[in-house]
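**Student:** Below is a structure I'd like to ask you about.
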Amino acid sequence: MTETARQRDDRPVLTNRQGHPIHDNQNQRTVGARGPATLENYHFLEKISHFDRERIPERVVHARGVTAFGYFEAYGSWGDEPIAQYTRAKLFQERGKRTDVAVRFSTVIGGRDSSEAARDPRGFAVKFYTEEGNWDLVGNNLGVFFIRDAIKFPDVIHSLKPDPVTFEQRPERIFDFMSQTPESMHMLVNLFSPRGIPADYRHMQGFGVNTYKWENSDGRTMLVKYHWMPKQGVRSMTEEDAANVQADSLGHATKDLYEAVERGEYPEWELLVQMMEDHEHPELDFDPLDDTKTWPEQEFPPKPVGRMVLNRMPDDFFTQNEQIAFGTGVLVDGLDFSDDKMLVGRTFSYSDTQRYRVGPNYLQLPVNRAKAPVHTNQNGGPMAYEVDPRGENRHVNYEPSTLGGLREAEGPGYGEQGPELRGRLTRSRIPRTNDYLQAGQRYLLMDDWERDDLVANFTNQLKQCPRHIQERMVWHFLLVENDLGVRVGEGLGISPQDVADLEPLPNQQLTDEDRERLANLG
Ligand code: HEM
């Protein structure tokens, strides 16, 4: 027997999902060699109908992405200060303690096969399979977001997605929306700078963006923001770099990650945490629950709490990348939400879309299942299979019970902590919006070449927009930083005097400094 033939003999036999061996995978069953097919063609019908259902809906945002696996290793303390002073979450307590993680990097706007060199925020979602159950930290690479209230999310995404008639992404639609949304300026200044096209997934930062809480075993809460810093450094692309990359491949970043891990070059990030006392901080010129803001590092220094190493790629893309499901509601004891109005909306949205996209039993799938023991009284639903042992008496799928079944956890548990809130029901924006200051500070911190790139990108996009949108965007940019407004305006033939008479947007809140800038435009 030749070597090839022997290998062939050793291979497992093809079966259908009922375990029946398949003797002919090349020909349907027909009446005569040329004849019509018969309806009881079980193997053929199963094969085709499963194929017909191979796709699930792609994610409504972040459709293109890649998952990698590895571990998080805790530092346990900052110098002499044990982390336990701030959070009782077990994964952070002991130096060297490792927790398995799955990370999914993604682009936001394009579909499942779109370009990974697009100017687009990047998703940076981490699932920690902790001993106390799963914790998901679902962030991005830019540190801030376009909007601060979840009710605007479908609108901001529709403006960025392709036109509903022509299916073309159009600057006119994007800047139409953004020009009416002053809180987007900080995000736009980041997104249209070189940071808006990361070189690949290994060379980008990650941020939790929204404000969360930590809680220690005395019930003391702190507001926190999370940051991932790549040990590989941060690298970005200009429009020209990106055009070259995507002329060659639409999936360069996924390829880069698979290849790096295969070479044993495991990418690594350090996790840092910024903290502030859990209250409104009237002394700050921004609201700590506003996700369009960063927290100044001098006042709130990021402290390292651990590192993450990615050392394994999926062995099946569909079950480990398409079906993985992250959500901001997935927290463990010692970590909590804040009242950030985006975070609350996100927390509803993720599991809602996953019940639709993957199915109501998405948490039974291996990639989503907690590694901590799971015992629930949830029953049935499409594609349910028994992963939750209910205990000795399998008749009891309710609680409380005197006949067996599951019981509540013992011990005091932890009451609801944090400041007591009072207020009337209302629909109002937060009092301290300060939409321009940090965007301007970010602009001033850029290197010259980054500023040049930003101005060129804004100008090129806005050239494709109607005049009134150009004018409003120049007006905003002048409020962000005079130099930015003047330079983009020059590219569009719009001077500060041309926009000096524009009224602020309806309900727009301006600071004294904004008003002073406006007064000087004429
Ligand atoms: C994915 C909603 C804001 C980061 C998603 C998905 C939805 C969604 C529906 C698809 C999830 C899935 O199909 O599994 C929202 C809503 C937001 C919001 C309603 C605002 C109210 C944000 C912000 C960030 C972010 C501010 C960054 C901090 C992500 C990431 C993913 C994602 C990383 C991809 C997760 C994955 O890889 O599976 N979001 N999002 N989202 N979102 Fe958001």
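In the structure tokens, each chain is lettered A, B, ... as it comes, each chain's residues begin at 1, and ligands are numbered from 1 in order of appearance.
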Around ligand 1, out to 6 Å and counting only C-alpha atoms and all ligand atoms, which residues are there? I want them as a ChimeraX atom specification.
**Tutor:** /A:59-62,104-106,123-125,138-140,145,150,153,208-209,325-326,342,345-346,349-350,353-354
**Student:** Give me the residues within 10 Å of range 396-406 of chain A as number ranges by chain, counting only C-alpha atoms and dropping any in the same chain fewer than 3 places off.
**Tutor:** A: 375-379, 389-393, 409
**Student:** Select, from A:Gly485, A:Gly32, A:Pro504, A:Gly110, the residue with the minimum atom-to-atom distance to Val189 in chain A, counting only C-alpha atoms.
**Tutor:**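 Smallest separation from Val189 in chain A among the options: A:Gly485.
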**Student:** Can you tell me, as a PyMOL selection string, what residues are no more than 10 Å from range 470-484 of chain A when counting only C-alpha atoms, ignoring any on the same chain fewer than 4 positions away?
**Tutor:** chain A and resi 172+175-176+178-182+185-186+189+435-444+451-452+454-455+458-459+461-466+488-490+492-505+510+513-518+521
**Student:** Using only C-alpha atoms, which of A:Ile56, A:Ala102, A:Ala84, A:Val31 sits nearest Phe72 in chain A?
**Tutor:**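 Closest candidate: A:Ala102.
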**Student:** Sort by chain and increasing residue number a table of all residues of range 262-284 of chain A within 10 Å of range 299-303 of chain A, each with its closest pair of atoms and their distance in Å to one decimal, counting only C-alpha atoms, and write it as a Markdown table.
**Tutor:**
| residue | atom | partner | partner_atom | distance |
| --- | --- | --- | --- | --- |
| A:Glu270 | CA | A:Lys303 | CA | 10.0 |
| A:Leu271 | CA | A:Lys303 | CA | 8.3 |
| A:Leu272 | CA | A:Lys303 | CA | 4.9 |
| A:Val273 | CA | A:Pro302 | CA | 5.0 |
| A:Gln274 | CA | A:Pro302 | CA | 4.6 |
| A:Met275 | CA | A:Phe300 | CA | 6.2 |
| A:Met276 | CA | A:Phe300 | CA | 7.0 |
**Student:** Run DSSP on the backbone and tell me which residues of range 173-406 of chain A come out as alpha helix (DSSP H); list them as a ChimeraX atom specification.
**Tutor:** /A:173-179,185-191,239-248,252-262,317,341-357
**Student:** Using only C-alpha atoms, please write the residues we just selected to a file, as a compact mmCIF listing (two decimals), in the first residue's frame.
**Tutor:**
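Written file, again.txt:
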# COMPACT_ATOMS: atom_id res chain seq x y z
CA ARG A 173 -25.06 61.74 5.67
CA ILE A 174 -22.26 61.33 8.25
CA PHE A 175 -21.50 65.04 8.62
CA ASP A 176 -25.16 66.00 8.42
CA PHE A 177 -25.73 64.01 11.62
CA MET A 178 -22.45 64.99 13.29
CA SER A 179 -22.98 68.69 12.54
CA MET A 185 -16.40 66.45 18.15
CA HIS A 186 -13.95 64.71 20.49
CA MET A 187 -14.54 61.35 18.77
CA LEU A 188 -14.30 62.91 15.29
CA VAL A 189 -10.95 64.56 16.07
CA ASN A 190 -9.66 61.10 17.04
CA LEU A 191 -11.33 59.18 14.24
CA GLU A 239 -5.20 57.12 4.06
CA GLU A 240 -2.49 56.33 1.53
CA ASP A 241 -1.05 53.45 3.60
CA ALA A 242 -4.56 52.10 4.05
CA ALA A 243 -5.33 52.29 0.33
CA ASN A 244 -2.22 50.24 -0.42
CA VAL A 245 -3.00 47.66 2.24
CA GLN A 246 -6.58 47.15 1.13
CA ALA A 247 -5.63 46.94 -2.53
CA ASP A 248 -3.83 43.75 -1.52
CA HIS A 252 -4.78 42.14 6.72
CA ALA A 253 -5.35 42.60 10.47
CA THR A 254 -6.89 39.16 10.99
CA LYS A 255 -4.08 37.60 8.94
CA ASP A 256 -1.48 39.51 10.95
CA LEU A 257 -2.89 38.19 14.23
CA TYR A 258 -3.08 34.55 13.07
CA GLU A 259 0.48 34.73 11.72
CA ALA A 260 1.97 36.44 14.79
CA VAL A 261 0.46 33.85 17.14
CA GLU A 262 1.59 31.04 14.86
CA PHE A 317 -14.03 30.69 13.00
CA LYS A 341 -26.67 56.72 30.22
CA MET A 342 -24.83 54.99 27.38
CA LEU A 343 -23.80 52.08 29.54
CA VAL A 344 -27.36 51.44 30.67
CA GLY A 345 -28.59 51.36 27.06
CA ARG A 346 -25.71 49.18 25.91
CA THR A 347 -26.41 46.72 28.67
CA PHE A 348 -29.93 46.10 27.32
CA SER A 349 -28.81 46.03 23.67
CA TYR A 350 -26.13 43.33 23.70
CA SER A 351 -28.06 40.40 25.12
CA ASP A 352 -31.15 41.51 23.22
CA THR A 353 -29.36 41.34 19.86
CA GLN A 354 -27.63 38.08 20.80
CA ARG A 355 -30.93 36.36 21.56
CA TYR A 356 -31.96 37.32 18.02
CA ARG A 357 -28.60 36.85 16.27
**Student:** Quick check, in Å to one decimal: how far apart do CA of Arg407 in chain A and CA of Asp218 in chain A lie?
**Tutor:** 25.5 Å
**Student:** Contacts of Ile109 in chain A at 8 Å or less, counting only C-alpha atoms, minus same-chain residues fewer than 2 places along, as a list in words?
**Tutor:** Val61, His62, Ala63, Thr107, Gly111, Asp120, Ile157, Leu160 and Lys161 of chain A
**Student:** For the strand (DSSP E) assignment from backbone DSSP, which residues of range 139-318 of chain A qualify? Please present them as an MDAnalysis selection string.
**Tutor:** chainID A and resid 139:140 206:207 212:215 221:230 268:277 303:312
